Amino acid sequence: MCIEIVIILLSLKGEMVLSAKFWRYLFILYVALLFILSVWSKPVVDYNKFPGEDKLIHFGAYFLGTILFERARNGKMNKLLRVIIVFFIIMPIITELIQSFYPDREMNLLDALSVYAVIIVGWFFMKKKA
């Protein structure tokens, strides 16, 4: 599902088929949903099928977030978008710390580091695409 969303978002290329306001609201909702799912007491997705599966899930989720951010930004940054992107950037550390308090979750700083790598890869990908 996440792959299909990324493909659709990328296929829009440089055209702003939808307004920047739409992308801003979508990005804000996405970050809120991502945060809620990340700090849920039990993992929403069972990622014990193969080693590193959780890293792939992090990759897809934050790569999509980076694409949404670039669409929302549309060359400009307003005050609300600045606040949300700062939260998006510190969110991996916050969620890992919160997860350490749940018995069904575990804190893993490698997850946070992998997310930062994904944000950087996504940002370069979108810059190259533009």
# chains A, B, ... in the order shown; residues from 1 in each chain; ligands from 1
>>> closest_atom_pairs(of="stretch 78-118 of chain A", to="stretch 50-59 of chain A", cutoff="8 Å", atoms="only C-alpha atoms", output="tab-separated table")
residue	atom	partner	partner_atom	distance
A:Asp111	CA	A:Lys55	CA	6.6
A:Ser114	CA	A:Lys55	CA	7.0
A:Val115	CA	A:His58	CA	6.3
A:Val118	CA	A:Phe59	CA	5.8
>>> residues_around(residues="stretch 61-71 of chain A", least_positions_apart="5", cutoff="6 Å", atoms="only C-alpha atoms", output="list in words")
Trp23, Phe27, Val118 and Gly122 of chain A
>>> select_by_dssp(residues="chain A", states="alpha helix (DSSP H)", output="PyMOL selection string")
chain A and resi 2-11+20-39+53-73+79-99+109-129
>>> write_last_selection(atoms="C-alpha atoms", output="PDB file, in the first residue's frame")
ATOM      1  CA  CYS A   2       2.764   2.435   0.958  1.00  0.00           C
ATOM      2  CA  ILE A   3       4.586   1.664  -2.314  1.00  0.00           C
ATOM      3  CA  GLU A   4       1.479   2.494  -4.367  1.00  0.00           C
ATOM      4  CA  ILE A   5       1.076   5.831  -2.553  1.00  0.00           C
ATOM      5  CA  VAL A   6       4.730   6.711  -3.202  1.00  0.00           C
ATOM      6  CA  ILE A   7       4.363   5.820  -6.904  1.00  0.00           C
ATOM      7  CA  ILE A   8       1.252   7.997  -7.217  1.00  0.00           C
ATOM      8  CA  LEU A   9       2.934  10.919  -5.457  1.00  0.00           C
ATOM      9  CA  LEU A  10       6.037  10.624  -7.627  1.00  0.00           C
ATOM     10  CA  SER A  11       4.014  10.335 -10.822  1.00  0.00           C
ATOM     11  CA  ALA A  20       0.094  23.416  -1.709  1.00  0.00           C
ATOM     12  CA  LYS A  21      -2.474  23.914   1.052  1.00  0.00           C
ATOM     13  CA  PHE A  22      -3.828  20.414   0.427  1.00  0.00           C
ATOM     14  CA  TRP A  23      -0.293  18.939   0.642  1.00  0.00           C
ATOM     15  CA  ARG A  24       0.385  20.890   3.874  1.00  0.00           C
ATOM     16  CA  TYR A  25      -2.702  19.491   5.554  1.00  0.00           C
ATOM     17  CA  LEU A  26      -1.952  16.006   4.261  1.00  0.00           C
ATOM     18  CA  PHE A  27       1.627  16.224   5.580  1.00  0.00           C
ATOM     19  CA  ILE A  28       0.418  17.432   9.003  1.00  0.00           C
ATOM     20  CA  LEU A  29      -2.155  14.625   9.217  1.00  0.00           C
ATOM     21  CA  TYR A  30       0.453  12.097   8.088  1.00  0.00           C
ATOM     22  CA  VAL A  31       2.963  13.205  10.740  1.00  0.00           C
ATOM     23  CA  ALA A  32       0.252  13.047  13.422  1.00  0.00           C
ATOM     24  CA  LEU A  33      -0.808   9.553  12.311  1.00  0.00           C
ATOM     25  CA  LEU A  34       2.807   8.385  12.126  1.00  0.00           C
ATOM     26  CA  PHE A  35       3.449   9.662  15.644  1.00  0.00           C
ATOM     27  CA  ILE A  36       0.325   7.992  17.067  1.00  0.00           C
ATOM     28  CA  LEU A  37       1.153   4.657  15.418  1.00  0.00           C
ATOM     29  CA  SER A  38       4.767   4.908  16.586  1.00  0.00           C
ATOM     30  CA  VAL A  39       3.889   5.363  20.249  1.00  0.00           C
ATOM     31  CA  GLU A  53      11.630  -5.820   8.404  1.00  0.00           C
ATOM     32  CA  ASP A  54      11.089  -2.990  10.877  1.00  0.00           C
ATOM     33  CA  LYS A  55      13.778  -0.962   9.102  1.00  0.00           C
ATOM     34  CA  LEU A  56      11.913  -1.426   5.798  1.00  0.00           C
ATOM     35  CA  ILE A  57       8.704  -0.230   7.437  1.00  0.00           C
ATOM     36  CA  HIS A  58      10.546   2.805   8.817  1.00  0.00           C
ATOM     37  CA  PHE A  59      12.010   3.424   5.368  1.00  0.00           C
ATOM     38  CA  GLY A  60       8.633   3.418   3.641  1.00  0.00           C
ATOM     39  CA  ALA A  61       6.905   5.508   6.278  1.00  0.00           C
ATOM     40  CA  TYR A  62       9.514   8.252   6.500  1.00  0.00           C
ATOM     41  CA  PHE A  63      10.318   8.263   2.780  1.00  0.00           C
ATOM     42  CA  LEU A  64       6.628   8.918   2.153  1.00  0.00           C
ATOM     43  CA  GLY A  65       6.715  11.632   4.831  1.00  0.00           C
ATOM     44  CA  THR A  66       9.660  13.297   3.115  1.00  0.00           C
ATOM     45  CA  ILE A  67       7.858  13.247  -0.244  1.00  0.00           C
ATOM     46  CA  LEU A  68       4.751  14.742   1.361  1.00  0.00           C
ATOM     47  CA  PHE A  69       6.877  17.443   2.982  1.00  0.00           C
ATOM     48  CA  GLU A  70       8.451  18.413  -0.332  1.00  0.00           C
ATOM     49  CA  ARG A  71       5.005  18.594  -1.940  1.00  0.00           C
ATOM     50  CA  ALA A  72       3.698  20.668   0.988  1.00  0.00           C
ATOM     51  CA  ARG A  73       6.655  23.022   0.906  1.00  0.00           C
ATOM     52  CA  LYS A  79       5.625  29.115  10.151  1.00  0.00           C
ATOM     53  CA  LEU A  80       3.358  26.089  10.678  1.00  0.00           C
ATOM     54  CA  LEU A  81       5.331  23.995   8.201  1.00  0.00           C
ATOM     55  CA  ARG A  82       8.582  24.911   9.978  1.00  0.00           C
ATOM     56  CA  VAL A  83       7.164  23.712  13.305  1.00  0.00           C
ATOM     57  CA  ILE A  84       5.893  20.455  11.782  1.00  0.00           C
ATOM     58  CA  ILE A  85       9.192  19.690  10.012  1.00  0.00           C
ATOM     59  CA  VAL A  86      11.119  20.277  13.250  1.00  0.00           C
ATOM     60  CA  PHE A  87       8.746  17.833  14.960  1.00  0.00           C
ATOM     61  CA  PHE A  88       9.119  15.389  12.043  1.00  0.00           C
ATOM     62  CA  ILE A  89      12.897  15.541  12.472  1.00  0.00           C
ATOM     63  CA  ILE A  90      12.946  15.033  16.262  1.00  0.00           C
ATOM     64  CA  MET A  91      10.064  12.538  16.220  1.00  0.00           C
ATOM     65  CA  PRO A  92      12.246   9.404  15.755  1.00  0.00           C
ATOM     66  CA  ILE A  93      14.133  10.080  19.009  1.00  0.00           C
ATOM     67  CA  ILE A  94      10.940  11.016  20.879  1.00  0.00           C
ATOM     68  CA  THR A  95       9.108   7.883  19.740  1.00  0.00           C
ATOM     69  CA  GLU A  96      12.016   5.609  20.597  1.00  0.00           C
ATOM     70  CA  LEU A  97      12.175   7.116  24.096  1.00  0.00           C
ATOM     71  CA  ILE A  98       8.418   6.705  24.583  1.00  0.00           C
ATOM     72  CA  GLN A  99       8.571   3.113  23.319  1.00  0.00           C
ATOM     73  CA  LEU A 109      18.342   3.947  18.525  1.00  0.00           C
ATOM     74  CA  LEU A 110      19.266   2.197  15.261  1.00  0.00           C
ATOM     75  CA  ASP A 111      15.635   2.693  14.237  1.00  0.00           C
ATOM     76  CA  ALA A 112      15.995   6.439  14.812  1.00  0.00           C
ATOM     77  CA  LEU A 113      19.303   6.550  12.923  1.00  0.00           C
ATOM     78  CA  SER A 114      17.817   4.625  10.009  1.00  0.00           C
ATOM     79  CA  VAL A 115      14.951   7.116   9.891  1.00  0.00           C
ATOM     80  CA  TYR A 116      17.396  10.019   9.638  1.00  0.00           C
ATOM     81  CA  ALA A 117      19.147   8.238   6.778  1.00  0.00           C
ATOM     82  CA  VAL A 118      15.790   7.805   5.033  1.00  0.00           C
ATOM     83  CA  ILE A 119      14.899  11.482   5.463  1.00  0.00           C
ATOM     84  CA  ILE A 120      18.222  12.462   3.897  1.00  0.00           C
ATOM     85  CA  VAL A 121      17.821   9.953   1.034  1.00  0.00           C
ATOM     86  CA  GLY A 122      14.245  11.124   0.416  1.00  0.00           C
ATOM     87  CA  TRP A 123      15.285  14.759   0.455  1.00  0.00           C
ATOM     88  CA  PHE A 124      18.097  14.140  -2.068  1.00  0.00           C
ATOM     89  CA  PHE A 125      15.741  12.054  -4.182  1.00  0.00           C
ATOM     90  CA  MET A 126      13.176  14.849  -4.332  1.00  0.00           C
ATOM     91  CA  LYS A 127      15.853  17.487  -5.014  1.00  0.00           C
ATOM     92  CA  LYS A 128      17.228  15.418  -7.886  1.00  0.00           C
ATOM     93  CA  LYS A 129      13.720  14.891  -9.235  1.00  0.00           C
TER      94      LYS A 129
END
>>> closest_residue(among="A:Ser19, A:Asn108, A:Ser100, A:Asn74", to="A:Ser41", atoms="only C-alpha atoms")
A:Ser100
